[in-house]
>>> print(open('final03.cif').read())   # mmCIF, C-alpha atoms and all ligand atoms
data_query
#
loop_
_atom_site.label_atom_id
_atom_site.label_comp_id
_atom_site.auth_asym_id
_atom_site.auth_seq_id
_atom_site.Cartn_x
_atom_site.Cartn_y
_atom_site.Cartn_z
CA MET A 1 30.20 194.18 198.11
CA PRO A 2 29.29 190.63 199.23
CA GLY A 3 29.81 187.84 196.73
CA THR A 4 28.80 184.25 196.17
CA ASP A 5 30.28 181.28 194.32
CA ARG A 6 27.54 178.88 193.22
CA THR A 7 29.62 177.26 190.51
CA SER A 8 28.97 173.77 191.89
CA GLU A 9 25.22 174.28 191.33
CA LEU A 10 25.61 175.07 187.61
CA PRO A 11 24.12 172.46 185.25
CA ASP A 12 26.42 170.58 182.86
CA PHE A 13 25.06 172.05 179.62
CA ASP A 14 26.39 170.21 176.56
CA ASN A 15 26.49 171.41 172.93
CA ARG A 16 22.96 170.18 172.27
CA ASP A 17 21.44 171.84 175.35
CA ILE A 18 23.10 175.15 174.46
CA VAL A 19 21.87 175.09 170.85
CA GLU A 20 18.33 174.11 171.93
CA LEU A 21 18.19 177.07 174.31
CA ARG A 22 19.11 179.60 171.59
CA PRO A 23 16.45 182.17 170.74
CA GLN A 24 15.27 182.45 167.13
CA LEU A 25 17.36 185.23 165.61
CA SER A 26 17.89 186.16 161.99
CA ARG A 27 21.46 185.38 160.96
CA PRO A 28 23.52 186.58 158.01
CA SER A 29 23.97 184.60 154.79
CA PRO A 30 27.37 184.12 153.13
CA GLN A 31 28.27 187.51 151.70
CA LEU A 32 31.02 189.64 150.19
CA ARG A 33 30.65 192.65 152.52
CA PRO A 34 31.68 192.66 156.17
CA LEU A 35 29.09 193.15 158.91
CA GLY A 36 30.72 196.46 159.77
CA VAL A 37 33.93 198.24 160.69
CA GLU A 38 35.03 200.21 163.72
CA LEU A 39 37.77 202.75 164.21
CA GLU A 40 39.12 203.36 167.71
CA ALA A 41 42.22 204.34 169.65
CA GLU A 42 44.02 201.46 171.35
CA PRO A 43 46.70 201.49 174.04
CA ILE A 44 50.05 200.12 172.91
CA ASP A 45 51.83 200.25 176.25
CA LYS A 46 51.27 200.98 179.94
CA PHE A 47 52.38 204.61 179.66
CA GLY A 48 49.53 206.14 177.64
CA GLU A 49 50.96 205.57 174.18
CA THR A 50 48.13 204.80 171.77
CA CYS A 51 47.57 203.90 168.14
CA LEU A 52 44.63 203.96 165.81
CA ALA A 53 43.11 200.51 165.32
CA GLY A 54 40.50 199.33 162.85
CA THR A 55 38.27 196.32 163.33
CA ILE A 56 36.60 194.53 160.43
CA PHE A 57 33.69 192.38 161.58
CA LEU A 58 33.75 189.49 159.12
CA VAL A 59 30.84 187.21 158.27
CA GLY A 60 31.80 183.56 158.06
CA SER A 61 30.70 180.21 159.35
CA GLU A 62 29.86 179.40 162.92
CA CYS A 63 32.44 178.33 165.49
CA ARG A 64 32.44 174.58 166.11
CA PHE A 65 32.48 175.07 169.90
CA ARG A 66 29.39 175.90 171.95
CA CYS A 67 30.41 177.92 174.97
CA THR A 68 27.62 178.55 177.47
CA MET A 69 28.03 182.33 177.45
CA CYS A 70 28.72 182.84 173.73
CA ASP A 71 26.37 184.96 171.62
CA LEU A 72 28.69 185.35 168.62
CA TRP A 73 26.90 182.65 166.57
CA GLN A 74 24.21 185.22 165.69
CA TYR A 75 26.78 187.01 163.48
CA THR A 76 27.74 183.82 161.60
CA HIS A 77 26.07 181.45 159.14
CA PRO A 78 25.70 177.69 159.68
CA GLY A 79 27.38 176.42 156.44
CA PRO A 80 31.12 176.65 155.69
CA THR A 81 32.63 179.98 154.68
CA PRO A 82 32.79 180.14 150.86
CA PRO A 83 36.36 180.43 149.52
CA GLY A 84 37.24 184.01 148.62
CA ALA A 85 34.40 185.65 150.59
CA LEU A 86 36.51 186.87 153.52
CA ALA A 87 39.25 188.32 151.31
CA GLN A 88 36.59 190.36 149.51
CA GLN A 89 35.05 191.44 152.82
CA ILE A 90 38.48 192.61 153.95
CA THR A 91 39.00 194.62 150.78
CA HIS A 92 35.63 196.34 151.36
CA GLY A 93 36.32 196.77 155.07
CA LEU A 94 39.69 198.43 154.46
CA LYS A 95 38.03 200.80 152.03
CA GLN A 96 35.33 201.65 154.59
CA LEU A 97 37.97 202.25 157.25
CA ASP A 98 39.86 204.51 154.86
CA GLU A 99 36.68 206.50 154.22
CA SER A 100 35.87 206.85 157.92
CA LEU A 101 39.47 207.89 158.66
CA GLY A 102 38.77 211.09 156.79
CA THR A 103 35.58 211.88 158.68
CA LYS A 104 35.64 210.29 162.10
CA SER A 105 36.46 212.43 165.07
CA LEU A 106 37.76 210.11 167.75
CA ALA A 107 36.24 210.62 171.17
CA THR A 108 39.59 210.66 172.94
CA SER A 109 42.14 213.39 173.11
CA ALA A 110 44.87 210.74 173.06
CA ALA A 111 44.40 210.10 169.35
CA GLN A 112 43.94 212.40 166.40
CA PRO A 113 42.11 211.49 163.18
CA SER A 114 45.29 212.22 161.25
CA ILE A 115 47.17 209.37 162.93
CA PRO A 116 47.52 206.54 160.39
CA LEU A 117 45.82 203.25 161.00
CA ARG A 118 48.47 200.94 162.46
CA CYS A 119 46.56 198.01 163.83
CA ILE A 120 43.90 195.90 162.14
CA LYS A 121 41.64 193.41 163.91
CA LEU A 122 40.03 190.76 161.72
CA TYR A 123 37.24 189.42 163.92
CA ASN A 124 35.20 186.57 162.44
CA ALA A 125 33.20 185.57 165.56
CA SER A 126 34.79 182.10 165.43
CA ASN A 127 38.29 180.73 164.84
CA PHE A 128 40.57 182.31 162.29
CA PHE A 129 42.63 179.15 161.84
CA ALA A 130 39.78 176.62 161.59
CA THR A 131 39.38 175.74 157.92
CA THR A 132 35.55 175.70 158.00
CA ASN A 133 35.66 179.27 159.35
CA VAL A 134 38.47 180.59 157.13
CA PRO A 135 39.34 178.34 154.17
CA ALA A 136 43.06 177.48 154.31
CA SER A 137 43.45 178.51 150.66
CA ASP A 138 42.34 182.07 151.58
CA LEU A 139 44.94 182.67 154.28
CA PRO A 140 47.82 183.81 152.00
CA ASN A 141 45.50 186.18 150.16
CA ILE A 142 44.18 187.64 153.42
CA ALA A 143 47.69 188.00 154.86
CA ASP A 144 48.84 189.91 151.77
CA ARG A 145 45.94 192.38 152.12
CA VAL A 146 46.91 193.29 155.70
CA ALA A 147 50.69 192.71 155.54
CA HIS A 148 51.46 196.44 155.75
CA PHE A 149 49.92 196.97 159.21
CA ASP A 150 52.14 197.14 162.30
CA ARG A 151 49.84 194.67 164.04
CA VAL A 152 47.24 192.16 162.85
CA VAL A 153 44.92 190.66 165.47
CA VAL A 154 42.78 187.56 164.89
CA GLU A 155 40.72 185.34 167.23
CA ASN A 156 41.33 181.63 167.69
CA HIS A 157 40.42 178.81 170.10
CA PRO A 158 43.42 177.80 172.25
CA THR A 159 43.31 174.17 171.10
CA ILE A 160 43.68 175.08 167.41
CA LEU A 161 47.45 175.25 166.95
CA LEU A 162 48.48 174.64 163.35
CA PRO A 163 51.43 175.37 161.03
CA ALA A 164 48.98 177.65 159.14
CA ILE A 165 49.36 180.17 161.99
CA THR A 166 53.11 180.53 161.46
CA ASP A 167 52.69 180.54 157.66
CA PHE A 168 50.23 183.44 158.05
CA LYS A 169 52.59 185.28 160.38
CA GLU A 170 55.51 184.88 157.96
CA ARG A 171 53.60 186.77 155.25
CA LEU A 172 53.08 189.83 157.49
CA ASN A 173 55.52 192.71 157.80
CA GLY A 174 54.14 193.60 161.25
CA ARG A 175 53.30 191.55 164.34
CA LEU A 176 50.66 188.84 164.47
CA GLU A 177 48.59 188.83 167.66
CA VAL A 178 46.25 185.92 168.38
CA ALA A 179 43.34 186.61 170.72
CA LEU A 180 42.45 183.62 172.92
CA GLY A 181 39.44 183.27 175.21
CA LEU A 182 40.65 182.22 178.64
CA GLU A 183 37.20 183.26 179.93
CA THR A 184 37.97 182.35 183.55
CA ALA A 185 40.80 180.91 185.60
CA HIS A 186 38.22 179.21 187.88
CA PRO A 187 38.90 175.59 186.83
CA LYS A 188 35.47 174.18 187.75
CA LEU A 189 33.66 177.07 186.11
CA LEU A 190 35.77 176.79 182.96
CA GLU A 191 34.53 173.21 182.65
CA LYS A 192 30.94 174.34 183.12
CA LEU A 193 31.34 176.91 180.34
CA ASN A 194 31.66 173.99 177.87
CA LYS A 195 34.68 175.65 176.25
CA ALA A 196 36.34 172.25 175.59
CA MET A 197 39.55 173.67 177.05
CA SER A 198 41.42 173.34 180.35
CA LEU A 199 43.71 175.88 181.98
CA ASN A 200 46.58 173.69 180.86
CA ASP A 201 45.40 173.87 177.23
CA PHE A 202 45.35 177.65 177.57
CA ARG A 203 48.92 177.75 178.93
CA ILE A 204 50.12 175.40 176.18
CA ALA A 205 48.55 177.68 173.55
CA CYS A 206 50.26 180.76 175.00
CA ASP A 207 53.64 178.98 175.12
CA TRP A 208 53.17 177.71 171.55
CA LEU A 209 52.39 181.19 170.19
CA LEU A 210 55.08 183.00 172.18
CA ALA A 211 57.70 180.45 171.08
CA ARG A 212 56.86 181.43 167.49
CA ASP A 213 57.18 185.15 168.23
CA ILE A 214 53.41 185.70 168.04
CA ASP A 215 51.76 188.04 170.56
CA VAL A 216 48.85 186.92 172.72
CA ARG A 217 45.72 188.87 173.57
CA VAL A 218 43.33 187.29 176.07
CA PHE A 219 39.60 187.66 176.68
CA VAL A 220 38.53 187.32 180.31
CA LEU A 221 34.92 187.35 181.48
CA LEU A 222 33.53 189.56 184.20
CA GLN A 223 30.89 187.69 186.18
CA PRO A 224 30.32 184.43 184.32
CA PRO A 225 27.41 182.32 185.64
CA GLY A 226 27.79 180.99 189.17
CA LEU A 227 29.68 184.05 190.46
CA ASP A 228 28.56 187.46 191.63
CA GLY A 229 29.68 190.45 193.70
CA ASN A 230 33.20 190.24 195.13
CA SER A 231 33.64 186.60 194.06
CA ALA A 232 33.14 187.67 190.44
CA ILE A 233 35.60 190.55 190.83
CA ASP A 234 38.22 188.38 192.56
CA TRP A 235 38.01 185.66 189.90
CA CYS A 236 38.19 188.23 187.14
CA LEU A 237 41.38 189.66 188.67
CA GLU A 238 42.78 186.16 189.13
CA SER A 239 42.01 185.39 185.48
CA ILE A 240 43.91 188.51 184.39
CA ARG A 241 46.83 187.36 186.57
CA VAL A 242 46.84 183.92 184.93
CA ALA A 243 46.71 185.52 181.47
CA GLU A 244 49.57 187.86 182.39
CA LYS A 245 51.69 185.03 183.81
CA SER A 246 51.06 183.09 180.61
CA GLY A 247 52.55 185.96 178.61
CA ALA A 248 49.51 187.96 177.45
CA ARG A 249 50.38 191.32 175.92
CA GLN A 250 46.85 192.59 176.43
CA VAL A 251 43.83 191.37 178.39
CA SER A 252 40.35 192.51 177.52
CA VAL A 253 37.71 192.24 180.27
CA ILE A 254 34.27 191.38 178.89
CA PRO A 255 31.17 191.78 181.08
CA VAL A 256 28.97 188.73 180.40
CA ARG A 257 25.85 189.56 178.37
CA ARG A 258 22.39 187.98 178.47
CA GLY A 259 20.36 187.06 175.41
CA ASN A 260 21.95 183.87 174.04
CA GLY A 261 19.40 181.52 175.63
CA ALA A 262 21.64 179.47 177.94
CA ILE A 263 22.60 182.50 180.00
CA ASP A 264 18.95 183.58 180.23
CA LYS A 265 18.01 180.11 181.48
CA LEU A 266 20.68 180.33 184.17
CA GLN A 267 19.45 183.80 185.10
CA GLN A 268 15.90 182.46 185.51
CA ASN A 269 17.31 179.81 187.87
CA GLY A 270 19.18 182.40 189.93
CA LEU A 271 22.59 181.20 188.70
CA PHE A 272 23.51 184.25 186.63
CA LYS A 273 23.38 187.90 187.53
CA GLN A 274 24.35 190.58 185.03
CA PRO A 275 27.55 192.32 186.07
CA THR A 276 27.25 195.95 187.12
CA ALA A 277 29.16 198.96 185.85
CA ARG A 278 30.60 199.30 189.36
CA SER A 279 32.08 195.75 189.20
CA LEU A 280 33.83 196.64 185.95
CA GLU A 281 35.09 199.90 187.46
CA VAL A 282 36.43 198.05 190.51
CA VAL A 283 38.27 195.56 188.28
CA MET A 284 39.74 198.43 186.26
CA GLN A 285 40.89 200.16 189.45
CA ASN A 286 43.54 197.43 189.55
CA VAL A 287 44.81 198.21 186.07
CA ASP A 288 48.20 199.43 187.29
CA ALA A 289 48.81 196.21 189.24
CA PHE A 290 49.47 194.43 185.93
CA ARG A 291 52.40 194.64 183.51
CA CYS A 292 50.19 193.66 180.59
CA ILE A 293 47.72 196.11 179.04
CA VAL A 294 44.26 195.65 180.57
CA THR A 295 41.20 197.09 178.87
CA ALA A 296 37.47 197.05 179.61
CA ASP A 297 35.29 195.94 176.72
CA LEU A 298 32.67 198.71 176.43
CA TRP A 299 30.99 197.35 173.32
CA ASP A 300 27.66 196.65 175.07
CA TRP A 301 27.95 199.42 177.68
CA GLN A 302 24.42 200.72 177.07
CA HIS A 303 23.03 197.43 178.42
CA ILE A 304 25.24 197.13 181.49
CA ARG A 305 23.41 197.06 184.82
CA GLY A 306 23.73 199.86 187.36
CA THR A 307 23.89 203.06 185.34
CA CYS A 308 21.30 205.70 184.49
CA ASP A 309 20.94 208.57 182.02
CA ALA A 310 22.60 210.90 184.50
CA CYS A 311 25.84 208.91 184.89
CA SER A 312 26.17 206.43 182.00
CA GLN A 313 28.11 208.54 179.48
CA ALA A 314 30.45 210.09 182.05
CA ARG A 315 31.31 206.69 183.51
CA LYS A 316 31.86 205.20 180.07
CA HIS A 317 34.17 208.07 179.26
CA LEU A 318 36.22 207.45 182.43
CA LEU A 319 36.66 203.80 181.45
CA GLU A 320 37.63 204.76 177.89
CA LYS A 321 40.27 207.01 179.39
CA THR A 322 41.48 204.20 181.65
CA ASN A 323 41.77 201.90 178.63
CA LEU A 324 44.07 204.38 176.90
CA THR A 325 46.07 205.73 179.82
CA GLN A 326 46.19 202.51 181.86
CA SER A 327 45.53 204.61 184.98
CA PRO A 328 42.74 203.56 187.37
CA PRO A 329 39.38 205.30 186.89
CA GLN A 330 37.93 207.56 189.55
CA LEU A 331 34.98 205.94 191.29
CA LYS A 332 32.07 208.35 191.37
CA ASP A 333 28.76 207.72 193.11
CA CYS A 334 25.69 208.60 191.13
CA LEU A 335 23.04 210.30 193.24
CA GLN A 336 20.35 209.33 190.73
CA CYS A 337 20.86 205.57 190.47
CA ASN A 338 23.08 205.12 193.52
CA ASP A 339 24.85 202.14 191.94
CA GLN A 340 27.05 200.17 194.36
S1 LIG B 1 35.16 179.35 171.22
FE1 LIG B 1 34.71 181.57 171.12
S2 LIG B 1 33.40 181.84 169.32
FE2 LIG B 1 33.43 179.66 169.81
S3 LIG B 1 31.62 179.32 171.07
FE3 LIG B 1 33.35 179.67 172.45
S4 LIG B 1 33.34 181.89 172.88
FE4 LIG B 1 32.05 181.52 171.06
#
>>> encode(input="final03.cif", output="structure tokens")
Amino acid sequence: MPGTDRTSELPDFDNRDIVELRPQLSRPSPQLRPLGVELEAEPIDKFGETCLAGTIFLVGSECRFRCTMCDLWQYTHPGPTPPGALAQQITHGLKQLDESLGTKSLATSAAQPSIPLRCIKLYNASNFFATTNVPASDLPNIADRVAHFDRVVVENHPTILLPAITDFKERLNGRLEVALGLETAHPKLLEKLNKAMSLNDFRIACDWLLARDIDVRVFVLLQPPGLDGNSAIDWCLESIRVAEKSGARQVSVIPVRRGNGAIDKLQQNGLFKQPTARSLEVVMQNVDAFRCIVTADLWDWQHIRGTCDACSQARKHLLEKTNLTQSPPQLKDCLQCNDQ
């Protein structure tokens, strides 16, 4: 698969440009119910051991950063998060997860519905330790609601390193895991993504968390703007390597999505191509080259390029299996869509 690196041609979008390019979308208001919950099996090591994990999608205020590829703002509201709202959302979310535990039949044979929920992900589409996103006064209350889980995962920008993180961790009985967006190890491209973070900031954040006995999960992008084909795959693998060297316990590979405005503009100008299912499969073929857990984010699988009705579900299932077993997926050619 040929590849190109056109990173140097990318425009220097700033916060204002990125906001101006956003499409008009209806966004949630401050509320006491979460946006939703999800129950899924998660790998806990490289040998096929899994656990049942719940995610509560919280509704709070918007992240203060404006990354070029980010579309998470559509799940947030512009004003600050009202005190107490997230704790109530978590109470509702835990109840919903409890209810679905009784009914949901997990799609993998590696997990059974009777396995207790051991991991909880509190995803607020912004930064868990920024006070406008999660009021500082709410943190003890939130920690107490999830203290009984083996693992609590939250998202945070690598430059937000505060004593509140260790205070939160100290209230938990299980492990705290902070998910950081490395996005890409391509230094020039990282700058162009307007993440307000350097590779050095990322490494400092990992060291800071690990020194406090906090686990690190890392988000890495597949095919950010400026890269395609083999260049995108190579940089994705290099980004996983950097995350692993920095001490990541788990790396999640996220195929870049269209639809946030800035990415669509770059696509119109020939500087962004949607990643294909085959690119994600090729990245995941290297899963056993890493000591850290590597998973493919299949959240938006139905919109990924290069699948058809004949192959989509089977290929998704192979990647789900790879996520849990940490064994490379089989590459199968589809005679209908002939994706390469
Ligand atoms: S830091 Fe995360 S949530 Fe904030 S804009 Fe960037 S990708 Fe989105």
>>> residues_near_ligand(input="final03.cif", ligand="ligand LIG 1 (chain B)", cutoff="8 Å", atoms="all atoms listed in the file", output="NGL selection string")
:A and (62-73 or 125-127 or 156-157 or 181 or 195)
>>> residues_around(input="final03.cif", residues="stretch 314-320 of chain A", least_positions_apart="3", cutoff="8 Å", atoms="only C-alpha atoms", output="PyMOL selection string")
chain A and resi 108+281+284+296+298+301+311+323-324+329-330
>>> closest_residue(input="final03.cif", among="A:Pro224, A:Ala147, A:Lys265, A:Val251", to="A:Pro43", atoms="all atoms listed in the file")
A:Val251
>>> atom_distance(input="final03.cif", atom1="atom CA of A:Leu86", atom2="atom CA of A:Asp150")
20.7 Å
>>> closest_residue(input="final03.cif", among="A:Pro78, A:Gly93, A:Pro34, A:Pro23", to="A:Ile120", atoms="all atoms listed in the file")
A:Gly93
>>> residues_near_point(input="final03.cif", point="(48.1, 188.0, 176.1)", cutoff="12 Å", atoms="only C-alpha atoms", output="VMD selection string")
chain A and resid 153 155 158 176 to 182 202 to 203 205 to 207 209 to 210 214 to 220 239 to 253 290 to 295
>>> write_last_selection(input="final03.cif", atoms="C-alpha atoms", output="short mmCIF file (atom, residue, chain, number, x, y, z; two decimals), in the frame of the given file")
data_model
loop_
_atom_site.label_atom_id
_atom_site.label_comp_id
_atom_site.auth_asym_id
_atom_site.auth_seq_id
_atom_site.Cartn_x
_atom_site.Cartn_y
_atom_site.Cartn_z
CA VAL A 153 44.92 190.66 165.47
CA GLU A 155 40.72 185.34 167.23
CA PRO A 158 43.42 177.80 172.25
CA LEU A 176 50.66 188.84 164.47
CA GLU A 177 48.59 188.83 167.66
CA VAL A 178 46.25 185.92 168.38
CA ALA A 179 43.34 186.61 170.72
CA LEU A 180 42.45 183.62 172.92
CA GLY A 181 39.44 183.27 175.21
CA LEU A 182 40.65 182.22 178.64
CA PHE A 202 45.35 177.65 177.57
CA ARG A 203 48.92 177.75 178.93
CA ALA A 205 48.55 177.68 173.55
CA CYS A 206 50.26 180.76 175.00
CA ASP A 207 53.64 178.98 175.12
CA LEU A 209 52.39 181.19 170.19
CA LEU A 210 55.08 183.00 172.18
CA ILE A 214 53.41 185.70 168.04
CA ASP A 215 51.76 188.04 170.56
CA VAL A 216 48.85 186.92 172.72
CA ARG A 217 45.72 188.87 173.57
CA VAL A 218 43.33 187.29 176.07
CA PHE A 219 39.60 187.66 176.68
CA VAL A 220 38.53 187.32 180.31
CA SER A 239 42.01 185.39 185.48
CA ILE A 240 43.91 188.51 184.39
CA ARG A 241 46.83 187.36 186.57
CA VAL A 242 46.84 183.92 184.93
CA ALA A 243 46.71 185.52 181.47
CA GLU A 244 49.57 187.86 182.39
CA LYS A 245 51.69 185.03 183.81
CA SER A 246 51.06 183.09 180.61
CA GLY A 247 52.55 185.96 178.61
CA ALA A 248 49.51 187.96 177.45
CA ARG A 249 50.38 191.32 175.92
CA GLN A 250 46.85 192.59 176.43
CA VAL A 251 43.83 191.37 178.39
CA SER A 252 40.35 192.51 177.52
CA VAL A 253 37.71 192.24 180.27
CA PHE A 290 49.47 194.43 185.93
CA ARG A 291 52.40 194.64 183.51
CA CYS A 292 50.19 193.66 180.59
CA ILE A 293 47.72 196.11 179.04
CA VAL A 294 44.26 195.65 180.57
CA THR A 295 41.20 197.09 178.87
#
>>> closest_residue(input="final03.cif", among="A:Phe13, A:Tyr123, A:Tyr75, A:Phe149", to="A:Val37", atoms="only C-alpha atoms")
A:Tyr123
>>> closest_residue(input="final03.cif", among="A:Gln285, A:Asn124, A:Thr166, A:Asn141", to="A:Arg212", atoms="only C-alpha atoms")
A:Thr166
>>> residues_around(input="final03.cif", residues="A:Arg6", least_positions_apart="4", cutoff="8 Å", atoms="all atoms listed in the file", output="list of chain:residue names")
A:Leu10, A:Gly226, A:Leu227, A:Leu271
>>> write_last_selection(input="final03.cif", atoms="C-alpha atoms", output="short mmCIF file (atom, residue, chain, number, x, y, z; two decimals), keeping the file's coordinate frame")
data_model
loop_
_atom_site.label_atom_id
_atom_site.label_comp_id
_atom_site.auth_asym_id
_atom_site.auth_seq_id
_atom_site.Cartn_x
_atom_site.Cartn_y
_atom_site.Cartn_z
CA LEU A 10 25.61 175.07 187.61
CA GLY A 226 27.79 180.99 189.17
CA LEU A 227 29.68 184.05 190.46
CA LEU A 271 22.59 181.20 188.70
#
>>> build_atoms(input="final03.cif", residues="stretch 74-96 of chain A", atoms="N, CA and C atoms", output="CSV table (one decimal), keeping the file's coordinate frame")
chain,number,residue,atom,x,y,z
A,74,GLN,N,25.2,184.4,166.4
A,74,GLN,CA,24.2,185.2,165.7
A,74,GLN,C,24.8,186.1,164.6
A,75,TYR,N,26.1,186.2,164.6
A,75,TYR,CA,26.8,187.0,163.5
A,75,TYR,C,27.4,186.1,162.4
A,76,THR,N,27.1,184.8,162.5
A,76,THR,CA,27.7,183.8,161.6
A,76,THR,C,26.6,183.1,160.8
A,77,HIS,N,27.0,182.3,159.8
A,77,HIS,CA,26.1,181.4,159.1
A,77,HIS,C,26.4,180.0,159.4
A,78,PRO,N,25.4,179.1,159.3
A,78,PRO,CA,25.7,177.7,159.7
A,78,PRO,C,26.6,176.9,158.7
A,79,GLY,N,26.5,177.2,157.4
A,79,GLY,CA,27.4,176.4,156.4
A,79,GLY,C,28.8,176.9,156.4
A,80,PRO,N,29.7,176.2,155.7
A,80,PRO,CA,31.1,176.6,155.7
A,80,PRO,C,31.3,178.0,155.0
A,81,THR,N,32.3,178.7,155.3
A,81,THR,CA,32.6,180.0,154.7
A,81,THR,C,33.0,179.7,153.2
A,82,PRO,N,32.4,180.4,152.3
A,82,PRO,CA,32.8,180.1,150.9
A,82,PRO,C,34.2,180.7,150.6
A,83,PRO,N,35.0,179.9,149.8
A,83,PRO,CA,36.4,180.4,149.5
A,83,PRO,C,36.3,181.8,148.9
A,84,GLY,N,37.2,182.7,149.2
A,84,GLY,CA,37.2,184.0,148.6
A,84,GLY,C,36.4,185.1,149.3
A,85,ALA,N,35.3,184.7,150.0
A,85,ALA,CA,34.4,185.6,150.6
A,85,ALA,C,35.1,186.6,151.6
A,86,LEU,N,35.9,186.0,152.5
A,86,LEU,CA,36.5,186.9,153.5
A,86,LEU,C,37.5,187.9,152.9
A,87,ALA,N,38.3,187.4,151.9
A,87,ALA,CA,39.2,188.3,151.3
A,87,ALA,C,38.5,189.5,150.7
A,88,GLN,N,37.4,189.3,150.1
A,88,GLN,CA,36.6,190.4,149.5
A,88,GLN,C,36.0,191.3,150.6
A,89,GLN,N,35.6,190.6,151.7
A,89,GLN,CA,35.0,191.4,152.8
A,89,GLN,C,36.2,192.3,153.4
A,90,ILE,N,37.4,191.8,153.4
A,90,ILE,CA,38.5,192.6,154.0
A,90,ILE,C,38.8,193.8,153.0
A,91,THR,N,38.8,193.5,151.7
A,91,THR,CA,39.0,194.6,150.8
A,91,THR,C,38.0,195.7,151.0
A,92,HIS,N,36.7,195.3,151.1
A,92,HIS,CA,35.6,196.3,151.4
A,92,HIS,C,35.8,197.0,152.7
A,93,GLY,N,36.2,196.2,153.7
A,93,GLY,CA,36.3,196.8,155.1
A,93,GLY,C,37.5,197.8,155.1
A,94,LEU,N,38.6,197.5,154.4
A,94,LEU,CA,39.7,198.4,154.5
A,94,LEU,C,39.3,199.7,153.8
A,95,LYS,N,38.5,199.6,152.7
A,95,LYS,CA,38.0,200.8,152.0
A,95,LYS,C,37.1,201.6,153.0
A,96,GLN,N,36.2,201.0,153.7
A,96,GLN,CA,35.3,201.6,154.6
A,96,GLN,C,36.1,202.3,155.7
